[in-house]
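J.: Please read through the structure below; I'll follow up with questions.
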Amino acid sequence: MTRIIAPVAALVAALFIGGLLWVTQGGEDSAFAQCSATKIAGEGGQIGGPFELLNADGQTVTDADVITEPTLVYFGYTFCPDVCPLDTARNAEAVDVLAQRGMSVTPVFISVDPGRDTPDVVGDFAFNLHEKMIGLTGSPEQVDAASKAYRTYYNVHDTSDEFYLVDHSTFTYLMLPEVGFVEFFRRDVTADAMAERVGCFVENA
């Protein structure tokens with residue numbers, strides 16, 4: 001069942017931001033033209049923006065506090081049975097590959113399940129994946145605002161079932177300080193391929 005939910009959620013998310021992004025090979029006229037596998041259409045550059053969320057210590061942090069270096073942002077939830085652990089592990093592996101090349105990148109995990117994902121829970125989840133990973137959660141209103149800023153999709157199932165699932169988009173977003181959103185990665189991108197593309201953006205930033 002979960003293997004059906006994930007592709008459906010990804011399809012809905014793709015349609016949700018379909019007016020903003022389209023995938024193409026080659027180029028946009030910018031410093032990052034040779035790095036990107038996507039081309040931004042219309043308001044695509046507005047992906048990302050201000051947010052206020054809670055970190056693992058329960059402290060309120062903003063996007064400016066979190067995105068202080070090249071950052072990979074992913075929205076998911078800790079109870080996710082298979083998609084989120086695989087995606088975030090891939091992101092963590094890409095961060096390690098980049099570190100071996102002398103590039104520092106921060107992986108960020110933002111929960112779309114604030115009902116279960118307390119600061120402690122999301123913090124443990126993130127740290128177990130990578131010591132640099134920042135886990136964030138917040139009130140339903142804070143999470144919804146962050147999700148809308150990044151044009152992500154999520155839908156919480158009936159919470160009367162303690163094992164409820166959450167449909168959500170599965171893109172990972174590359175954010176650069178002072179620049180903002182520059183690229184997104186689908187689930188089928190490998191850690192090495194992600195590292196190559198992120199490295200290109202970092203070198204040309």
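Please note that chains go A, B, ... in the order of the structure tokens, that every chain numbers its residues from 1, and that ligands are numbered from 1 in the order shown.
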Could you go through region 58-188 of chain A and tell me which residues DSSP, when run on the backbone, assigns to alpha helix (DSSP H), listing them as a ChimeraX atom specification?

T.: /A:63-66,83-100,119-129,140-149

J.: I'd like the contact shell of Thr190 (chain A) - 10 Å cut-off, only C-alpha atoms, skipping same-chain residues fewer than 3 positions apart - returned as a list in words.

T.: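 So, after excluding close chain neighbours, the residues are Asp87, Arg90, Asn91, Glu93, Ala94, Phe185, Arg186, Arg187, Ala193, Met194, Ala195 and Glu196 of chain A.
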
J.: With all heavy atoms retained, could you export that selection as a CSV table (one decimal), in the first residue's frame?

T.:
chain,number,residue,atom,x,y,z
A,87,ASP,N,15.0,8.5,1.0
A,87,ASP,CA,15.3,9.8,0.4
A,87,ASP,C,16.3,10.6,1.3
A,87,ASP,O,17.3,11.2,0.8
A,87,ASP,CB,14.1,10.7,0.2
A,87,ASP,CG,13.1,10.1,-0.9
A,87,ASP,OD1,13.6,9.2,-1.6
A,87,ASP,OD2,12.0,10.7,-1.0
A,90,ARG,N,19.7,9.0,1.2
A,90,ARG,CA,20.4,9.4,-0.1
A,90,ARG,C,21.0,10.8,0.1
A,90,ARG,O,22.1,11.1,-0.3
A,90,ARG,CB,19.4,9.4,-1.2
A,90,ARG,CG,19.9,9.7,-2.6
A,90,ARG,CD,19.9,11.2,-3.0
A,90,ARG,NE,18.6,11.9,-2.7
A,90,ARG,CZ,17.6,12.0,-3.5
A,90,ARG,NH1,17.7,11.5,-4.7
A,90,ARG,NH2,16.5,12.7,-3.1
A,91,ASN,N,20.2,11.7,0.6
A,91,ASN,CA,20.7,13.1,0.8
A,91,ASN,C,21.9,13.1,1.7
A,91,ASN,O,22.9,13.9,1.5
A,91,ASN,CB,19.6,14.0,1.4
A,91,ASN,CG,18.4,14.2,0.4
A,91,ASN,OD1,18.5,13.8,-0.7
A,91,ASN,ND2,17.4,14.9,0.9
A,93,GLU,N,24.0,10.7,2.2
A,93,GLU,CA,25.2,10.1,1.5
A,93,GLU,C,25.8,11.2,0.5
A,93,GLU,O,27.0,11.3,0.4
A,93,GLU,CB,24.7,8.9,0.7
A,93,GLU,CG,25.8,8.2,0.0
A,93,GLU,CD,25.4,7.0,-0.8
A,93,GLU,OE1,24.2,6.5,-0.6
A,93,GLU,OE2,26.2,6.4,-1.6
A,94,ALA,N,24.9,11.9,-0.1
A,94,ALA,CA,25.4,13.0,-1.0
A,94,ALA,C,26.2,14.0,-0.3
A,94,ALA,O,27.3,14.5,-0.8
A,94,ALA,CB,24.2,13.7,-1.8
A,185,PHE,N,15.6,17.9,-6.8
A,185,PHE,CA,16.0,16.6,-7.2
A,185,PHE,C,14.9,15.6,-6.9
A,185,PHE,O,14.2,15.7,-5.9
A,185,PHE,CB,17.2,16.2,-6.3
A,185,PHE,CG,18.4,17.0,-6.5
A,185,PHE,CD1,18.6,18.1,-5.6
A,185,PHE,CD2,19.4,16.8,-7.5
A,185,PHE,CE1,19.7,19.0,-5.8
A,185,PHE,CE2,20.5,17.6,-7.6
A,185,PHE,CZ,20.7,18.7,-6.8
A,186,ARG,N,14.6,14.8,-7.9
A,186,ARG,CA,13.6,13.7,-7.8
A,186,ARG,C,14.2,12.5,-7.0
A,186,ARG,O,15.4,12.4,-6.8
A,186,ARG,CB,13.1,13.3,-9.2
A,186,ARG,CG,12.5,14.5,-9.9
A,186,ARG,CD,11.9,14.0,-11.3
A,186,ARG,NE,11.4,15.1,-12.1
A,186,ARG,CZ,10.2,15.6,-12.0
A,186,ARG,NH1,9.4,15.2,-11.0
A,186,ARG,NH2,9.9,16.6,-12.7
A,187,ARG,N,13.3,11.6,-6.7
A,187,ARG,CA,13.7,10.4,-5.9
A,187,ARG,C,14.7,9.5,-6.7
A,187,ARG,O,15.4,8.8,-6.1
A,187,ARG,CB,12.4,9.6,-5.6
A,187,ARG,CG,11.5,10.3,-4.7
A,187,ARG,CD,10.6,9.3,-3.9
A,187,ARG,NE,11.3,8.5,-3.0
A,187,ARG,CZ,11.3,7.2,-3.0
A,187,ARG,NH1,10.6,6.5,-3.9
A,187,ARG,NH2,12.0,6.5,-2.2
A,193,ALA,N,25.0,11.3,-8.3
A,193,ALA,CA,24.6,12.3,-9.3
A,193,ALA,C,24.1,13.6,-8.6
A,193,ALA,O,24.4,14.7,-9.1
A,193,ALA,CB,23.4,11.7,-10.0
A,194,MET,N,23.5,13.4,-7.4
A,194,MET,CA,23.1,14.6,-6.7
A,194,MET,C,24.4,15.4,-6.2
A,194,MET,O,24.4,16.6,-6.4
A,194,MET,CB,22.3,14.2,-5.4
A,194,MET,CG,22.0,15.4,-4.5
A,194,MET,SD,21.1,14.9,-3.0
A,194,MET,CE,19.4,14.9,-3.7
A,195,ALA,N,25.4,14.7,-5.8
A,195,ALA,CA,26.6,15.4,-5.3
A,195,ALA,C,27.3,16.1,-6.5
A,195,ALA,O,27.8,17.2,-6.4
A,195,ALA,CB,27.6,14.3,-4.7
A,196,GLU,N,27.3,15.5,-7.7
A,196,GLU,CA,27.9,16.1,-8.9
A,196,GLU,C,27.2,17.4,-9.2
A,196,GLU,O,27.8,18.5,-9.4
A,196,GLU,CB,27.8,15.2,-10.1
A,196,GLU,CG,28.8,14.1,-10.1
A,196,GLU,CD,30.2,14.6,-10.2
A,196,GLU,OE1,30.4,15.6,-10.9
A,196,GLU,OE2,31.1,13.9,-9.7

J.: Give me, as a PyMOL selection string, all polymer residues having an atom no more than 7 Å from Pro107 (chain A), counting only C-alpha atoms and skipping those fewer than 6 positions away in the same chain.

T.: chain A and resi 71-73+91-92+132-134

J.: Take CA of Leu86 (chain A) and CA of Asp124 (chain A) and report the distance between them in Å, one decimal.

T.: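 For CA of Leu86 (chain A) relative to CA of Asp124 (chain A), the distance reads 16.3 Å.
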
J.: Run DSSP on the backbone and grab whatever in region 12-199 of chain A lands in strand (DSSP E or B); send it over as a PyMOL selection string.

T.: chain A and resi 21-23+38-40+52-54+60-62+71-76+106-111+134-137+154-156+166-168+172-176+180-185

J.: Could you pull the residues within 10 Å of Leu165 (chain A), counting only C-alpha atoms, minus those fewer than 3 positions along the same chain, as a list in words?

T.: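 Near Leu165 (chain A), the qualifying residues are Thr2, Ile5, Tyr77, Phe79, Cys80, Pro81, Asp113, Asn155, Val156, His157, Asp158, Thr159, Asp161, Glu162 and His168 of chain A.
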
J.: Using C-alpha atoms, can you export the residues from the last selection as a PDB file, in the first residue's frame?

T.:
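Result file follows (part_8.pdb):
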ATOM      1  CA  THR A   2       2.741   2.472   0.922  1.00  0.00           C
ATOM      2  CA  ILE A   5       0.821   6.037  -1.931  1.00  0.00           C
ATOM      3  CA  TYR A  77       7.705  12.659   8.375  1.00  0.00           C
ATOM      4  CA  PHE A  79       6.710   7.612  10.765  1.00  0.00           C
ATOM      5  CA  CYS A  80       7.062   7.301   6.985  1.00  0.00           C
ATOM      6  CA  PRO A  81       7.552   3.568   6.348  1.00  0.00           C
ATOM      7  CA  ASP A 113       3.410  15.575  10.609  1.00  0.00           C
ATOM      8  CA  ASN A 155      -2.135  15.365   3.121  1.00  0.00           C
ATOM      9  CA  VAL A 156      -2.513  13.896   6.613  1.00  0.00           C
ATOM     10  CA  HIS A 157      -4.773  10.823   6.752  1.00  0.00           C
ATOM     11  CA  ASP A 158      -7.315  10.168   9.502  1.00  0.00           C
ATOM     12  CA  THR A 159      -5.415  10.776  12.740  1.00  0.00           C
ATOM     13  CA  ASP A 161      -5.707   5.746  13.563  1.00  0.00           C
ATOM     14  CA  GLU A 162      -2.425   5.927  15.457  1.00  0.00           C
ATOM     15  CA  HIS A 168       3.567  14.125   0.576  1.00  0.00           C
TER      16      HIS A 168
END

J.: What does the distance from CA of Phe181 (chain A) to CA of Val105 (chain A) come to in Å, to one decimal?

T.: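 About the pair CA of Phe181 (chain A) and CA of Val105 (chain A): they are 14.3 Å apart.
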
J.: Could you work out how far CA of Val66 (chain A) lies from CA of Arg151 (chain A), giving the answer in Å with one decimal?

T.: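 Separation between CA of Arg151 (chain A) and CA of Val66 (chain A): 18.5 Å.
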
J.: For Gly48 (chain A), find every residue with an atom within 7 Å (counting only C-alpha atoms), except residues of its own chain fewer than 6 positions away, and show them as an MDAnalysis selection string.

T.: chainID A and resid 149:150 180:181

J.: Would you please work out which residue, of A:Ala205, A:Gly76, A:Gln46, A:Phe171, is nearest to Gly135 (chain A) when using only C-alpha atoms?

T.: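 Ranked by minimum distance to Gly135 (chain A), first place goes to A:Gly76.
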
J.: Give the answer as one residue: which of A:Val83, A:Ala33, A:Val122, A:Ala99 has the shortest atom-to-atom distance to Asp57 (chain A), using only C-alpha atoms?

T.: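 Nearest candidate to Asp57 (chain A) out of A:Val83, A:Ala33, A:Val122, A:Ala99: A:Val122.
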
J.: Counting only C-alpha atoms, which residue out of A:Gln100, A:Ser147, A:Ser139, A:Ser111 sits closest to Gly49 (chain A)?

T.: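 Of the candidates, the smallest distance to Gly49 (chain A) is held by A:Ser147.
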
J.: Using only C-alpha atoms, determine which residues lie at most 9 Å from Phe201 (chain A), disregarding the query and same-chain residues fewer than 5 positions distant; provide the list as a PyMOL selection string.

T.: chain A and resi 31-32+34-36+70+176+182-183+196

J.: Could those selected residues go to a file with N, CA and C atoms, as an mmCIF file, in the first residue's frame?

T.:
data_model
loop_
_atom_site.group_PDB
_atom_site.id
_atom_site.type_symbol
_atom_site.label_atom_id
_atom_site.label_comp_id
_atom_site.auth_asym_id
_atom_site.auth_seq_id
_atom_site.Cartn_x
_atom_site.Cartn_y
_atom_site.Cartn_z
ATOM 1 N N ALA A 31 24.606 31.927 -14.197
ATOM 2 C CA ALA A 31 25.890 31.371 -13.762
ATOM 3 C C ALA A 31 25.793 29.875 -13.530
ATOM 4 N N PHE A 32 24.568 29.359 -13.371
ATOM 5 C CA PHE A 32 24.378 27.949 -13.071
ATOM 6 C C PHE A 32 23.879 27.149 -14.266
ATOM 7 N N GLN A 34 25.197 25.485 -16.632
ATOM 8 C CA GLN A 34 25.800 24.184 -16.879
ATOM 9 C C GLN A 34 25.525 23.193 -15.759
ATOM 10 N N CYS A 35 24.935 23.660 -14.657
ATOM 11 C CA CYS A 35 24.713 22.799 -13.493
ATOM 12 C C CYS A 35 23.321 22.195 -13.449
ATOM 13 N N SER A 36 22.349 22.884 -14.003
ATOM 14 C CA SER A 36 20.962 22.529 -13.778
ATOM 15 C C SER A 36 20.420 21.538 -14.788
ATOM 16 N N PRO A 70 25.211 26.026 1.485
ATOM 17 C CA PRO A 70 24.389 25.218 0.587
ATOM 18 C C PRO A 70 23.606 24.174 1.386
ATOM 19 N N LEU A 176 20.710 28.038 -1.730
ATOM 20 C CA LEU A 176 21.994 28.691 -1.504
ATOM 21 C C LEU A 176 21.766 29.995 -0.753
ATOM 22 N N VAL A 182 17.753 26.986 -6.207
ATOM 23 C CA VAL A 182 18.439 26.882 -7.500
ATOM 24 C C VAL A 182 18.170 25.567 -8.225
ATOM 25 N N GLU A 183 17.740 24.535 -7.497
ATOM 26 C CA GLU A 183 17.547 23.233 -8.151
ATOM 27 C C GLU A 183 16.692 22.320 -7.276
ATOM 28 N N GLU A 196 27.263 15.481 -7.698
ATOM 29 C CA GLU A 196 27.851 16.125 -8.873
ATOM 30 C C GLU A 196 27.151 17.444 -9.176
#

J.: Do a neighbour search on Glu141 (chain A) at 12 Å with only C-alpha atoms, toss out local chain neighbours closer than 2 positions, and write the hits as a ChimeraX atom specification.

T.: /A:51-53,112-115,137-139,143-148
